[in-house]
>>> print(open('protein34.txt').read())   # compact mmCIF, C-alpha atoms
# COMPACT_ATOMS: atom_id res chain seq x y z
CA MET A 1 -3.30 159.73 37.73
CA ALA A 2 -0.01 157.77 37.64
CA LYS A 3 -1.56 155.14 39.92
CA SER A 4 -4.46 154.72 37.46
CA LEU A 5 -2.06 154.26 34.55
CA LYS A 6 -0.09 151.63 36.45
CA LEU A 7 -3.31 149.75 37.27
CA LEU A 8 -4.46 149.95 33.65
CA PHE A 9 -1.07 148.66 32.44
CA LEU A 10 -1.22 145.78 34.93
CA CYS A 11 -4.75 144.82 33.79
CA LEU A 12 -3.74 144.91 30.12
CA THR A 13 -0.63 142.82 30.80
CA LEU A 14 -2.62 140.18 32.70
CA THR A 15 -5.28 140.07 29.97
CA LEU A 16 -2.62 139.53 27.31
CA PHE A 17 -0.87 136.83 29.38
CA ILE A 18 -4.12 134.92 30.01
CA GLY A 19 -5.03 135.14 26.32
CA VAL A 20 -1.65 133.73 25.23
CA GLN A 21 -1.92 130.86 27.72
CA ALA A 22 -5.44 129.95 26.55
CA GLN A 23 -4.33 130.10 22.92
CA ALA A 24 -1.81 127.31 23.53
CA PHE A 25 -4.73 124.94 24.15
CA SER A 26 -7.04 126.08 21.34
CA ASN A 27 -4.70 127.22 18.58
CA PRO A 28 -5.21 125.24 15.35
CA SER A 29 -1.51 125.69 14.59
CA ASN A 30 -0.87 123.52 17.66
CA PRO A 31 -2.23 120.21 16.28
CA SER A 32 -2.81 116.94 18.04
CA ILE A 33 0.03 114.43 18.30
CA LYS A 34 -0.43 111.11 16.48
CA GLY A 35 1.95 108.19 16.42
CA GLN A 36 3.30 105.01 17.93
CA ILE A 37 4.47 104.86 21.53
CA VAL A 38 8.14 103.86 21.63
CA GLU A 39 8.73 104.50 25.35
CA THR A 40 6.54 105.18 28.36
CA MET A 41 6.95 105.82 32.09
CA ASP A 42 4.75 106.96 34.97
CA ALA A 43 5.61 109.53 37.63
CA ASN A 44 3.63 111.79 39.99
CA GLY A 45 0.24 111.19 38.36
CA TYR A 46 1.51 111.64 34.80
CA THR A 47 2.30 109.17 32.03
CA TYR A 48 5.23 110.27 29.91
CA LEU A 49 5.07 109.06 26.30
CA HIS A 50 7.78 109.09 23.66
CA ILE A 51 5.82 109.07 20.40
CA ASP A 52 7.19 108.33 16.93
CA SER A 53 5.21 110.07 14.20
CA ASN A 54 6.70 109.07 10.84
CA GLY A 55 10.27 109.36 12.12
CA THR A 56 9.72 112.48 14.22
CA LYS A 57 9.87 111.70 17.93
CA THR A 58 8.01 113.81 20.47
CA TRP A 59 7.78 113.57 24.25
CA ALA A 60 4.36 114.16 25.77
CA ALA A 61 2.91 114.01 29.28
CA ILE A 62 -0.72 113.13 29.98
CA PRO A 63 -2.68 112.36 33.14
CA GLU A 64 -1.68 108.88 34.30
CA SER A 65 -3.05 106.35 31.80
CA LYS A 66 -2.62 102.69 30.96
CA VAL A 67 -0.73 102.52 27.65
CA SER A 68 1.72 100.13 26.03
CA VAL A 69 4.82 100.45 23.89
CA GLY A 70 3.81 99.79 20.28
CA GLU A 71 0.31 101.23 20.73
CA VAL A 72 -0.77 103.91 18.24
CA VAL A 73 -2.44 106.92 19.88
CA GLU A 74 -3.63 110.42 19.15
CA LEU A 75 -3.26 112.99 21.93
CA SER A 76 -5.08 116.28 22.19
CA SER A 77 -2.92 119.33 21.58
CA GLY A 78 -1.27 120.92 24.56
CA MET A 79 1.29 123.35 25.84
CA VAL A 80 4.94 122.82 24.90
CA MET A 81 7.49 123.23 27.67
CA GLN A 82 11.14 123.73 26.72
CA ASN A 83 13.91 122.25 28.90
CA PHE A 84 11.43 120.76 31.37
CA THR A 85 13.08 118.96 34.28
CA SER A 86 11.26 116.14 36.05
CA LYS A 87 12.87 115.77 39.45
CA THR A 88 11.03 112.48 40.03
CA LEU A 89 12.41 110.96 36.82
CA GLY A 90 15.77 112.69 37.24
CA ARG A 91 15.88 113.94 33.66
CA THR A 92 15.38 117.02 31.53
CA PHE A 93 13.27 116.91 28.38
CA HIS A 94 14.48 119.23 25.61
CA ALA A 95 10.81 119.78 24.70
CA ILE A 96 7.68 118.09 26.02
CA VAL A 97 3.99 118.61 25.28
CA PHE A 98 1.61 118.62 28.25
CA SER A 99 -1.63 117.24 26.82
CA SER A 100 -5.01 116.62 28.47
CA GLY A 101 -4.89 113.05 27.21
CA ILE A 102 -5.66 110.46 24.57
CA VAL A 103 -8.42 111.27 22.08
CA LYS A 104 -8.06 108.15 19.92
CA ARG A 105 -6.43 104.70 20.16
>>> encode(input="protein34.txt", output="structure tokens")
Amino acid sequence: MAKSLKLLFLCLTLTLFIGVQAQAFSNPSNPSIKGQIVETMDANGYTYLHIDSNGTKTWAAIPESKVSVGEVVELSSGMVMQNFTSKTLGRTFHAIVFSSGIVKR
């Protein structure tokens, strides 16, 4: 009986975890990012973008893409990572959004 309860608890925990992870990509409270690129760099198949949206600056990472400083873009929403360290770039981002890419230029 105790073994069944442990298995049930594990299944419920995994279901909740998967649901929370999926919500990060589909949650309407996690809107797209729109703004002007003020800095960009490529590393390990990703393009890192520093985006200025009316004075609020946000770091985002997308699959490697050709972009230019000064370009205005809209990125799809994504998962926010706090204190993310890129070993390749040798820096830690206080917060960075991992997005699937550009939806509008």
>>> atom_distance(input="protein34.txt", atom1="atom CA of Phe93 of chain A", atom2="atom CA of Thr58 of chain A")
10.0 Å
>>> residues_around(input="protein34.txt", residues="Leu89 of chain A", least_positions_apart="4", cutoff="12 Å", atoms="all atoms listed in the file", output="NGL selection string")
:A and (40-44 or 46-48 or 84-85 or 93)
>>> closest_residue(input="protein34.txt", among="A:Ile51, A:Thr92, A:Val97, A:Pro31", to="Val72 of chain A", atoms="all atoms listed in the file")
A:Ile51
>>> residues_near_point(input="protein34.txt", point="(10.3, 104.3, 26.4)", cutoff="8 Å", atoms="only C-alpha atoms", output="short mmCIF file (atom, residue, chain, number, x, y, z; two decimals) with C-alpha atoms, in the frame of the given file")
data_model
loop_
_atom_site.label_atom_id
_atom_site.label_comp_id
_atom_site.auth_asym_id
_atom_site.auth_seq_id
_atom_site.Cartn_x
_atom_site.Cartn_y
_atom_site.Cartn_z
CA ILE A 37 4.47 104.86 21.53
CA VAL A 38 8.14 103.86 21.63
CA GLU A 39 8.73 104.50 25.35
CA THR A 40 6.54 105.18 28.36
CA MET A 41 6.95 105.82 32.09
CA LEU A 49 5.07 109.06 26.30
CA HIS A 50 7.78 109.09 23.66
CA VAL A 69 4.82 100.45 23.89
#
>>> residues_around(input="protein34.txt", residues="Ser76 of chain A", least_positions_apart="6", cutoff="8 Å", atoms="only C-alpha atoms", output="PyMOL selection string")
chain A and resi 31-33+99-103
>>> axis_aligned_box(input="protein34.txt", around="segment 50-65 of chain A", padding_each_side="3 Å", output="lines of an AutoDock Vina configuration file")
center_x = 3.6
center_y = 110.3
center_z = 22.6
size_x = 19.3
size_y = 13.8
size_z = 29.5
>>> closest_residue(input="protein34.txt", among="A:Ser65, A:Leu75, A:Ala60, A:Gly70", to="Ala95 of chain A", atoms="all atoms listed in the file")
A:Ala60
>>> atom_distance(input="protein34.txt", atom1="atom CA of Lys34 of chain A", atom2="atom CA of Phe98 of chain A")
14.1 Å
>>> residues_around(input="protein34.txt", residues="Val73 of chain A", least_positions_apart="6", cutoff="6 Å", atoms="all atoms listed in the file", output="PyMOL selection string")
chain A and resi 34-35+104-105
>>> write_last_selection(input="protein34.txt", atoms="C-alpha atoms", output="compact mmCIF listing (two decimals), in the frame of the given file")
# COMPACT_ATOMS: atom_id res chain seq x y z
CA LYS A 34 -0.43 111.11 16.48
CA GLY A 35 1.95 108.19 16.42
CA LYS A 104 -8.06 108.15 19.92
CA ARG A 105 -6.43 104.70 20.16
>>> atom_distance(input="protein34.txt", atom1="atom CA of Ser53 of chain A", atom2="atom CA of Ser68 of chain A")
15.8 Å
